[in-house]
Amino acid sequence: MSAPLIQNENFVKVAAPLGVGILFLLFWEIAVQALEMPKYILPGPVEIFKALIDGWQPLLGALYITLKVTFLAFAIAVVLGVAASLLFVQSKWIEMSLFPYAVLMQVTPVVAIAPLIIIWVDDTTWALTVCAVIIAIFPIISNTTLGLRSVDPNLLSMFRMYRTSRWQELVRLRIPGALPYFFGGLRISSGLALIGAVVAEFVAGTGGAKAGLAYMILQSGYNLQIPRMFAALLLITLTGIALFALMVWLSNRALHNWHESALEVEH
Amino acid sequence: MTRSKVTPLKATPVDDSAAELAHTDSNGNPRPVLQVEGVNKIYSNGTVALKGADLTVRQGEFVSLLGPSGCGKSTLLRIMAGLGDVTTGTVKFWEQGYDVVGDKGRKLAFVFQNATLMPWARVRKNVRLPLDLEHQRGPEVETKIDDALEMVGLKGFDHAFPRELSGGMQMRASIARAMVTEPNLLLMDEPFGALDEMTRNKLNDDVLKLWQKNGWTIVFVTHSVYEAVYLSSRVVVMAARPGRIVDDISIDQPFPRNADFRVSTEFAGYCRQVSQALERASAMGQPQEIKA
């Protein structure tokens, strides 16, 4: 009937890292207690959890602001990035003229240009969003462009034989073929959007009602509320993991019928 | 009439009697489907891929292009398909009821060495692709797809994805896709080269059956002497450096052909004849300094 759980690969896949995590937290808590570490230097997991519960209202508020900027930036990066890729594949000339500027945008550290953007854009939320878009857009552009170009040359020949319009070629051939690359870009870009939102806020140093998780970390640092600092950090990490999982799920949903990346390997 | 746009060989009016007559030419041969005249193909780096290629393919023929690698057989096939420009020379197409039709009358299908299916689309959607590209819709389109799938033996696999099919079945889907447009010329570029021998023989037999049953005209590129002799009504032998046609051998054996033909003395005789022609062709293509 039921084989020992240890032989179930899916169980092990979840249980093994979970076990390591629990052991680590236990060790952390015991070490902190044994060494009588003051909590303004290194709080234990219990203390951090308490801070999360006690401060849930400001933390959740800050999480909401950070999520808003992240999703806004991610959405804009996807739309603009895909639009840029579609433009690039229209002609080699357009790509050659514009692609270096996409690279330029990518290699310029956002921390360095964030102060400028914050001066130029009045609204803080939008200023942060612009910074996050600049970070998040490049993987979308480069992956989607690569995908749109990676067409089976024989299939392309076939389309040419039937004198297909460029539009048909794009819709029936290039776009479906580019989907695996696009989803690969999404995975990277979603994480970068979050990083962009947090980093930009560190630089902007927003305050008051519009403060996100980054500001929460800064402020907790000033006030030596180290457990809350850890709680905010935990929320950022969880957001990143959730985003990544969402992208993997989306990608598998879209590609599960045909693409190697989404296939279940049977032994 | 749009015919005036192309260079007519003979300005015969198009009516029923002329259409009947157009099946054969003045010598009683089947009418040509495709005529390649003095085609040269020189790449920008100076490589002569084809030199003075002349070839007439007639209605109902099964012509194999056979030759060593680099002899331009695939290049010639792609030129016939309109997939490559010629440096000089012409390629003309005929269509039923017309004497000469230029590019417009070209109604052909191409089967590549790989199945070349869209991996994201199910078999049925792959097969209907040419009809979709020609904006054909309606119940008769569905019937055409059903017929094509049944003829290649893929009935019931409509909703399979290409990756779920074996290599041979993927090729069958590829052939079904070529069939749906009812092409007057089917071009096949080493279609079964990547398959194991048993699958290959089976598919060869099936293609022969379909060819006979539907009255197709096929140009088939291969590097196998046995395959060429078994399938063809005519074997065109090519040589390399520069790529050119050096021999044109009729295989005057009746169809349908089957396993018995493979072991007959006639088959062996034709294989010897074609092999010798191929050897001569290969010798011609050797660089001078290697020659003894």
# chains A, B, ... in the order shown; residues from 1 in each chain; ligands from 1
>>> interface_residues(of="chain B", to="chain A", cutoff="8 Å", atoms="only C-alpha atoms", output="ChimeraX atom specification")
/B:81-83,110,112,116-120,130,133-134,161,163
>>> residues_around(residues="A:Thr125", least_positions_apart="2", cutoff="9 Å", atoms="only C-alpha atoms", output="list in words")
Ile65, Lys68, Val69, Asp122, Asp123, Ala127, Leu128, Thr129, Val130 and Lys210 of chain A
>>> residues_around(residues="stretch 34-37 of chain B", least_positions_apart="5", cutoff="6 Å", atoms="only C-alpha atoms", output="JSON, numbers by chain")
{"B": [54, 55, 56, 57, 89, 90, 91, 92, 93]}
>>> residues_around(residues="B:Arg122", least_positions_apart="6", cutoff="9 Å", atoms="only C-alpha atoms", output="tab-separated table (two decimals) with N, CA and C atoms, in the first residue's frame")
chain	number	residue	atom	x	y	z
B	157	PHE	N	-4.75	10.77	-34.33
B	157	PHE	CA	-3.65	11.46	-33.65
B	157	PHE	C	-3.77	12.97	-33.76
B	158	ASP	N	-4.94	13.45	-34.11
B	158	ASP	CA	-5.18	14.88	-34.31
B	158	ASP	C	-4.67	15.73	-33.17
B	159	HIS	N	-4.91	15.23	-31.95
B	159	HIS	CA	-4.66	16.09	-30.79
B	159	HIS	C	-3.35	15.78	-30.09
B	160	ALA	N	-2.52	14.96	-30.74
B	160	ALA	CA	-1.21	14.68	-30.14
B	160	ALA	C	-0.27	15.85	-30.42
B	161	PHE	N	0.66	16.06	-29.51
B	161	PHE	CA	1.71	17.03	-29.77
B	161	PHE	C	2.87	16.32	-30.47
B	162	PRO	N	3.64	17.04	-31.32
B	162	PRO	CA	4.72	16.38	-32.06
B	162	PRO	C	5.65	15.57	-31.17
>>> select_by_dssp(residues="stretch 63-149 of chain B", states="strand (DSSP E or B)", output="number ranges by chain")
B: 63-66, 88-93, 101, 108-111
>>> write_last_selection(atoms="N, CA and C atoms", output="CSV table (one decimal), in the first residue's frame")
chain,number,residue,atom,x,y,z
B,63,VAL,N,11.0,11.8,-59.7
B,63,VAL,CA,12.4,12.0,-60.1
B,63,VAL,C,13.3,12.1,-58.8
B,64,SER,N,14.4,11.3,-58.8
B,64,SER,CA,15.3,11.4,-57.7
B,64,SER,C,16.5,12.2,-58.1
B,65,LEU,N,17.0,13.1,-57.2
B,65,LEU,CA,18.2,13.8,-57.5
B,65,LEU,C,19.2,13.1,-56.6
B,66,LEU,N,20.3,12.5,-57.2
B,66,LEU,CA,21.2,11.7,-56.5
B,66,LEU,C,22.6,12.2,-56.7
B,88,THR,N,21.9,33.0,-62.7
B,88,THR,CA,21.3,33.2,-64.0
B,88,THR,C,20.5,31.9,-64.3
B,89,GLY,N,19.6,32.1,-65.3
B,89,GLY,CA,18.8,30.9,-65.7
B,89,GLY,C,17.3,31.1,-65.3
B,90,THR,N,16.5,30.2,-65.7
B,90,THR,CA,15.0,30.4,-65.3
B,90,THR,C,14.5,29.1,-64.8
B,91,VAL,N,13.4,29.2,-64.0
B,91,VAL,CA,12.6,28.1,-63.5
B,91,VAL,C,11.2,28.4,-63.8
B,92,LYS,N,10.6,27.5,-64.6
B,92,LYS,CA,9.2,27.7,-65.1
B,92,LYS,C,8.3,26.7,-64.5
B,93,PHE,N,7.1,27.1,-64.3
B,93,PHE,CA,6.1,26.2,-63.7
B,93,PHE,C,4.9,26.1,-64.7
B,101,VAL,N,2.7,29.1,-66.7
B,101,VAL,CA,2.4,30.1,-65.7
B,101,VAL,C,3.6,30.4,-64.9
B,108,LEU,N,3.2,24.2,-54.8
B,108,LEU,CA,4.0,23.1,-54.5
B,108,LEU,C,4.2,22.9,-53.0
B,109,ALA,N,4.7,21.8,-52.6
B,109,ALA,CA,4.9,21.5,-51.2
B,109,ALA,C,6.3,21.0,-51.0
B,110,PHE,N,6.8,21.2,-49.8
B,110,PHE,CA,8.2,20.9,-49.5
B,110,PHE,C,8.2,20.0,-48.2
B,111,VAL,N,8.9,18.9,-48.3
B,111,VAL,CA,9.1,18.1,-47.1
B,111,VAL,C,10.6,18.1,-46.8
>>> atom_distance(atom1="atom CA of A:Ala15", atom2="atom CA of A:Leu194")
27.8 Å
>>> closest_atom_pairs(of="stretch 190-266 of chain A", to="stretch 108-113 of chain A", cutoff="12 Å", atoms="only C-alpha atoms", output="CSV")
residue,atom,partner,partner_atom,distance
A:Leu192,CA,A:Val110,CA,11.3
A:Ala193,CA,A:Val110,CA,11.7
A:Ile195,CA,A:Val110,CA,10.4
A:Gly196,CA,A:Val110,CA,7.7
A:Ala197,CA,A:Val110,CA,10.5
A:Val198,CA,A:Val111,CA,10.6
A:Val199,CA,A:Val111,CA,7.0
A:Ala200,CA,A:Val111,CA,6.7
A:Glu201,CA,A:Val111,CA,9.8
A:Phe202,CA,A:Val111,CA,8.8
A:Val203,CA,A:Val111,CA,6.8
A:Ala204,CA,A:Val111,CA,9.6
>>> write_last_selection(atoms="N, CA and C atoms", output="PDB file, in the first residue's frame")
ATOM      1  N   LEU A 192      14.214  40.914 -10.109  1.00  0.00           N
ATOM      2  CA  LEU A 192      14.905  42.196 -10.247  1.00  0.00           C
ATOM      3  C   LEU A 192      13.980  43.368  -9.949  1.00  0.00           C
ATOM      4  N   ALA A 193      12.693  43.214 -10.292  1.00  0.00           N
ATOM      5  CA  ALA A 193      11.740  44.288 -10.009  1.00  0.00           C
ATOM      6  C   ALA A 193      11.654  44.521  -8.506  1.00  0.00           C
ATOM      7  N   ILE A 195      14.026  43.722  -6.268  1.00  0.00           N
ATOM      8  CA  ILE A 195      15.305  44.297  -5.849  1.00  0.00           C
ATOM      9  C   ILE A 195      15.337  45.786  -6.181  1.00  0.00           C
ATOM     10  N   GLY A 196      14.871  46.114  -7.381  1.00  0.00           N
ATOM     11  CA  GLY A 196      14.833  47.521  -7.807  1.00  0.00           C
ATOM     12  C   GLY A 196      13.984  48.358  -6.867  1.00  0.00           C
ATOM     13  N   ALA A 197      12.813  47.842  -6.507  1.00  0.00           N
ATOM     14  CA  ALA A 197      11.906  48.590  -5.640  1.00  0.00           C
ATOM     15  C   ALA A 197      12.554  48.834  -4.279  1.00  0.00           C
ATOM     16  N   VAL A 198      13.248  47.831  -3.764  1.00  0.00           N
ATOM     17  CA  VAL A 198      13.867  47.959  -2.434  1.00  0.00           C
ATOM     18  C   VAL A 198      15.080  48.885  -2.478  1.00  0.00           C
ATOM     19  N   VAL A 199      15.954  48.649  -3.468  1.00  0.00           N
ATOM     20  CA  VAL A 199      17.181  49.446  -3.564  1.00  0.00           C
ATOM     21  C   VAL A 199      16.848  50.928  -3.768  1.00  0.00           C
ATOM     22  N   ALA A 200      15.891  51.180  -4.650  1.00  0.00           N
ATOM     23  CA  ALA A 200      15.530  52.576  -4.931  1.00  0.00           C
ATOM     24  C   ALA A 200      15.005  53.249  -3.669  1.00  0.00           C
ATOM     25  N   GLU A 201      14.272  52.488  -2.863  1.00  0.00           N
ATOM     26  CA  GLU A 201      13.728  53.096  -1.650  1.00  0.00           C
ATOM     27  C   GLU A 201      14.825  53.400  -0.625  1.00  0.00           C
ATOM     28  N   PHE A 202      15.835  52.562  -0.598  1.00  0.00           N
ATOM     29  CA  PHE A 202      16.971  52.846   0.277  1.00  0.00           C
ATOM     30  C   PHE A 202      17.568  54.192  -0.079  1.00  0.00           C
ATOM     31  N   VAL A 203      17.696  54.433  -1.390  1.00  0.00           N
ATOM     32  CA  VAL A 203      18.300  55.671  -1.847  1.00  0.00           C
ATOM     33  C   VAL A 203      17.352  56.846  -1.613  1.00  0.00           C
ATOM     34  N   ALA A 204      16.072  56.636  -1.940  1.00  0.00           N
ATOM     35  CA  ALA A 204      15.106  57.721  -1.853  1.00  0.00           C
ATOM     36  C   ALA A 204      14.841  58.089  -0.401  1.00  0.00           C
TER      37      ALA A 204
END
>>> atom_distance(atom1="atom CA of B:Asp196", atom2="atom CA of B:Lys209")
20.1 Å
>>> residues_around(residues="A:Ile53", least_positions_apart="5", cutoff="10 Å", atoms="only C-alpha atoms", output="PyMOL selection string")
chain A and resi 47-48+59+228+231
>>> atom_distance(atom1="atom CA of A:Leu80", atom2="atom CA of A:Gly212")
24.8 Å
>>> select_by_dssp(residues="stretch 67-197 of chain B", states="alpha helix (DSSP H)", output="number ranges by chain")
B: 73-80, 123-133, 139-151, 167-179, 197
>>> residues_around(residues="B:Phe192", least_positions_apart="4", cutoff="12 Å", atoms="only C-alpha atoms", output="PyMOL selection string")
chain B and resi 111-115+167-172+174-175+188+196-205+207+220-224+227
>>> residues_around(residues="B:Arg280", least_positions_apart="2", cutoff="10 Å", atoms="only C-alpha atoms", output="PyMOL selection string")
chain B and resi 237-239+246-247+274-278+282-285
>>> closest_residue(among="B:Gly72, B:Asn126, B:Pro30, B:Gly193", to="B:Val48", atoms="only C-alpha atoms")
B:Gly72
